[in-house]
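**Q** Here's a structure for you.
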There are 2 protein chains.
Amino acid sequence: MPVNPSSRPRRKPPAQTGPAASEQVDTSGLGDFVGYAIRRAQLAVFQEFKTWMAEFEVTTAQFSVLLLVRDNPGLNQKTLAGTLGVETPRMVLIVDYLENRGLVTRLASTVDRRARAIFLTAPGRKLLRQLDRRSAEYERRIVERLRGDDKETLMRMLRHLAEPV
Amino acid sequence: MPVNPSSRPRRKPPAQTGPAASEQVDTSGLGDFVGYAIRRAQLAVFQEFKTWMAEFEVTTAQFSVLLLVRDNPGLNQKTLAGTLGVETPRMVLIVDYLENRGLVTRLASTVDRRARAIFLTAPGRKLLRQLDRRSAEYERRIVERLRGDDKETLMRMLRHLAEPV
DNA sequence: TATTGTTATACTCTATAACTATA
DNA sequence: TATAGTTATAGAGTATAACAATA
């Protein structure tokens, strides 16, 4: 127990100079912004997804590239980058990593010799089948978290917000 | 017009070795994930918010700190960091920036001399009033983008997703 | 002259470790 | 012994500029 060194009764410090009680912070000003709620949800979902997929050592960006390459075999890095909204120098590094792991190959395009056509390798296809199963389980977890609300409603609203203005 | 150097009729390259047509990429595998839709919405909203607030030269993180400091005068950096989900070393730099701009002050806490109690300055309060008006306009734009759907439904779903598991 | 892929660079953000001054 | 703030550092991610090969 703290002892007051003076004989005067201990007073609460002036509100102006003490820290706020850390367990009861007023976040109402912030919490009503859609942008803030989206950001917090995105951080939570990505963090949980990372843990959920940890055994495969694949980031969300890498997973996205693998999916797009499977569904669009032979597409080039510029298209990949544009579709995912990352810069091409970043995409070079992502594809470098996937190629070093033997999951994709870069072939010379027969159409445009500047371009590199990206394909899944056999190990890439095998890994992606595992990623598909595991990520589908995660998606079911997410939908459970929406209890009472409809995933399609959420997706529609998010797509509206993501549309270019 | 390209000229085929051989006399044979030009054939389309085999599907396996050409790039996908860049304007018709199949994103259905990715587009059905809630996590992907959240990420795209977050990037779009933050990018637009940044443009919208450009004249004030304040990032979303700095704006969040200013709001929390206004609503919780005297709170310390650890509480700020914990509330916003950033690490304390990052919060040091954010508060450094705001202090250098003269928007907040760090006072010695009268309760715990290790802690720094953060307050808005008069210029900080003045700027925040402008930020309030401008960000409220932006929030109305966001709600308009949801046409037909309810902001409160979206907020409820996002908060469910942001809850710790 | 424009474009794809690439390298290089700078800046931001995330994540730790370690140090200081206090508790 | 533990905690708040700080410094330092390493790793992602973002954003540009510039260059080679090719269109």
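Going by the structure tokens order, chains are called A, B, ..., each with residues numbered from 1, while ligands are numbered from 1 in the order shown.
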When you look at range 134-144 of chain B with a cut-off of 9 Å (counting only C-alpha atoms (C1' of nucleotides)), what residues show up, excluding the ones that are within fewer than 6 positions of it in the same chain? I need them as a PyMOL selection string.
**A** (chain A and resi 33-35+161) or (chain B and resi 45+49+52-53+150-151)
**Q** Output the selection as a PDB file, in the first residue's frame - C-alpha atoms for each residue.
**A**
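Result saved to out-v4.pdb:
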```pdb
ATOM      1  CA  PHE A  33     -15.437   5.353 -38.716  1.00  0.00           C
ATOM      2  CA  VAL A  34     -15.993   2.667 -41.327  1.00  0.00           C
ATOM      3  CA  GLY A  35     -12.330   2.952 -42.301  1.00  0.00           C
ATOM      4  CA  LEU A 161     -16.170   0.307 -51.093  1.00  0.00           C
TER       5      LEU A 161
ATOM      6  CA  VAL B  45     -10.726   3.474 -48.503  1.00  0.00           C
ATOM      7  CA  PHE B  49      -8.947   9.045 -47.299  1.00  0.00           C
ATOM      8  CA  TRP B  52      -9.160  13.563 -49.106  1.00  0.00           C
ATOM      9  CA  MET B  53      -7.084  14.679 -46.098  1.00  0.00           C
ATOM     10  CA  ASP B 150     -26.851  -0.173 -43.852  1.00  0.00           C
ATOM     11  CA  LYS B 151     -23.659   1.154 -42.262  1.00  0.00           C
TER      12      LYS B 151
END
```
**Q** Using only C-alpha atoms (C1' of nucleotides), I'd like every residue of chain D that has an atom within 10 Å of chain A; please write them out as a PyMOL selection string.
**A** chain D and resi 13-15+21-23
**Q** Only C-alpha atoms (C1' of nucleotides), please: the residues just picked out, written as an mmCIF file, in the first residue's frame.
**A**
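Saved file selection-v7.cif follows:
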```
data_model
loop_
_atom_site.group_PDB
_atom_site.id
_atom_site.type_symbol
_atom_site.label_atom_id
_atom_site.label_comp_id
_atom_site.auth_asym_id
_atom_site.auth_seq_id
_atom_site.Cartn_x
_atom_site.Cartn_y
_atom_site.Cartn_z
ATOM 1 C "C1'" DG D 13 5.706 -3.503 -48.031
ATOM 2 C "C1'" DT D 14 5.198 0.848 -50.899
ATOM 3 C "C1'" DA D 15 6.740 3.914 -54.338
ATOM 4 C "C1'" DA D 21 15.610 -6.062 -74.171
ATOM 5 C "C1'" DT D 22 11.944 -5.916 -77.026
ATOM 6 C "C1'" DA D 23 7.643 -4.091 -79.139
#
```
**Q** Might you pull out every residue within 12 Å of DT16 in chain C, with only C-alpha atoms (C1' of nucleotides) counted and same-chain residues fewer than 6 positions away left off, and present them as a count of residues only?
**A** 7
**Q** What residues in chain C lie within 8 Å of chain A, counting only C-alpha atoms (C1' of nucleotides), written as a ChimeraX atom specification?
**A** /C:4-6
**Q** Just the selected residues (N, CA, C and O atoms (P, O5', C5', C4', C3', O3' and C1' of nucleotides)), exported as a CSV table (one decimal), in the first residue's frame, please.
**A**
```
chain,number,residue,atom,x,y,z
C,4,DT,P,3.5,-3.7,-70.6
C,4,DT,O5',4.8,-4.6,-70.4
C,4,DT,C5',5.0,-5.8,-71.2
C,4,DT,C4',6.1,-6.6,-70.7
C,4,DT,C3',6.0,-6.9,-69.2
C,4,DT,O3',6.3,-8.3,-69.0
C,4,DT,C1',8.1,-5.8,-69.6
C,5,DG,P,6.2,-9.0,-67.6
C,5,DG,O5',7.7,-8.9,-67.1
C,5,DG,C5',8.7,-9.6,-67.8
C,5,DG,C4',10.0,-9.1,-67.4
C,5,DG,C3',10.3,-9.4,-65.9
C,5,DG,O3',11.5,-10.2,-65.8
C,5,DG,C1',11.0,-7.2,-66.5
C,6,DT,P,11.9,-10.8,-64.3
C,6,DT,O5',12.9,-9.7,-63.8
C,6,DT,C5',14.1,-9.4,-64.6
C,6,DT,C4',14.8,-8.2,-64.2
C,6,DT,C3',15.2,-8.2,-62.7
C,6,DT,O3',16.5,-8.6,-62.6
C,6,DT,C1',14.5,-6.0,-63.5
```
**Q** So which residues touch Asp26 in chain B within 9 Å, counting only C-alpha atoms (C1' of nucleotides), skipping near sequence neighbours fewer than 4 positions away, as a PDB file with all heavy atoms, in the first residue's frame?
**A**
```
ATOM      1  N   LEU A  68      -4.068 -17.103 -58.769  1.00  0.00           N
ATOM      2  CA  LEU A  68      -4.246 -16.446 -60.071  1.00  0.00           C
ATOM      3  C   LEU A  68      -3.498 -17.176 -61.169  1.00  0.00           C
ATOM      4  O   LEU A  68      -3.982 -17.271 -62.304  1.00  0.00           O
ATOM      5  CB  LEU A  68      -3.777 -14.986 -59.998  1.00  0.00           C
ATOM      6  CG  LEU A  68      -4.712 -14.011 -59.281  1.00  0.00           C
ATOM      7  CD1 LEU A  68      -4.094 -12.621 -59.245  1.00  0.00           C
ATOM      8  CD2 LEU A  68      -6.073 -13.955 -59.983  1.00  0.00           C
ATOM      9  N   ASP A  71      -5.507 -20.238 -62.156  1.00  0.00           N
ATOM     10  CA  ASP A  71      -6.726 -19.942 -62.918  1.00  0.00           C
ATOM     11  C   ASP A  71      -6.437 -19.212 -64.221  1.00  0.00           C
ATOM     12  O   ASP A  71      -7.329 -19.091 -65.070  1.00  0.00           O
ATOM     13  CB  ASP A  71      -7.689 -19.107 -62.065  1.00  0.00           C
ATOM     14  CG  ASP A  71      -8.209 -19.897 -60.861  1.00  0.00           C
ATOM     15  OD1 ASP A  71      -8.125 -21.150 -60.904  1.00  0.00           O
ATOM     16  OD2 ASP A  71      -8.684 -19.286 -59.901  1.00  0.00           O
ATOM     17  N   ASN A  72      -5.222 -18.679 -64.367  1.00  0.00           N
ATOM     18  CA  ASN A  72      -4.845 -17.950 -65.584  1.00  0.00           C
ATOM     19  C   ASN A  72      -3.430 -18.355 -66.001  1.00  0.00           C
ATOM     20  O   ASN A  72      -2.505 -17.541 -65.993  1.00  0.00           O
ATOM     21  CB  ASN A  72      -4.884 -16.431 -65.330  1.00  0.00           C
ATOM     22  CG  ASN A  72      -6.235 -15.951 -64.816  1.00  0.00           C
ATOM     23  OD1 ASN A  72      -7.121 -15.617 -65.583  1.00  0.00           O
ATOM     24  ND2 ASN A  72      -6.402 -15.949 -63.504  1.00  0.00           N
TER      25      ASN A  72
ATOM     26  N   LEU B  30     -10.032 -16.087 -56.018  1.00  0.00           N
ATOM     27  CA  LEU B  30      -9.605 -15.168 -54.976  1.00  0.00           C
ATOM     28  C   LEU B  30     -10.779 -14.340 -54.457  1.00  0.00           C
ATOM     29  O   LEU B  30     -10.901 -14.086 -53.254  1.00  0.00           O
ATOM     30  CB  LEU B  30      -8.580 -14.225 -55.599  1.00  0.00           C
ATOM     31  CG  LEU B  30      -7.496 -13.603 -54.760  1.00  0.00           C
ATOM     32  CD1 LEU B  30      -6.822 -14.637 -53.892  1.00  0.00           C
ATOM     33  CD2 LEU B  30      -6.507 -12.908 -55.664  1.00  0.00           C
TER      34      LEU B  30
END
```
**Q** So the first atom is CA of Arg101 in chain B and the second is C1' of DT20 in chain C; what is the distance between them in Å, to one decimal place?
**A**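 Taking CA of Arg101 in chain B and C1' of DT20 in chain C, their separation equals 26.2 Å.
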**Q** Define the interface residues of chain A facing chain B as those within 7 Å, counting only C-alpha atoms, and report them as a ChimeraX atom specification.
**A** /A:13,16-20,22,25-27,29-30,33-35,37-42,44-46,64,67-68,71-76,79,109-111,117,139,145-146,154-155,157-162
**Q** Between C1' of DA12 in chain D and CA of Tyr97 in chain B, what is the spacing in Å?
**A**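 The value is 22.6 Å.
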**Q** Contacts of DA17 in chain D at 12 Å or less, counting only C-alpha atoms (C1' of nucleotides), minus same-chain residues fewer than 5 places along, as a list in words?
**A** Pro89 of chain A; DT7, DA8, DT9 and DA10 of chain C
**Q** When DSSP works through the backbone of this structure, what residues of range 23-132 of chain A end up as helix (DSSP H, G or I), shown as a PyMOL selection string?
**A** chain A and resi 28-31+34-52+54-56+60-71+77-84+88-100+122-132
**Q** Rounded to one decimal, what separation in Å do you get between CA of Thr105 in chain A and C1' of DA18 in chain D?
**A**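 That distance, rounded to one decimal, is 26.7 Å.
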**Q** What parts of range 11-139 of chain B does DSSP call strand (DSSP E)? I'd like the answer as a PyMOL selection string.
**A** chain B and resi 104-108+116-120
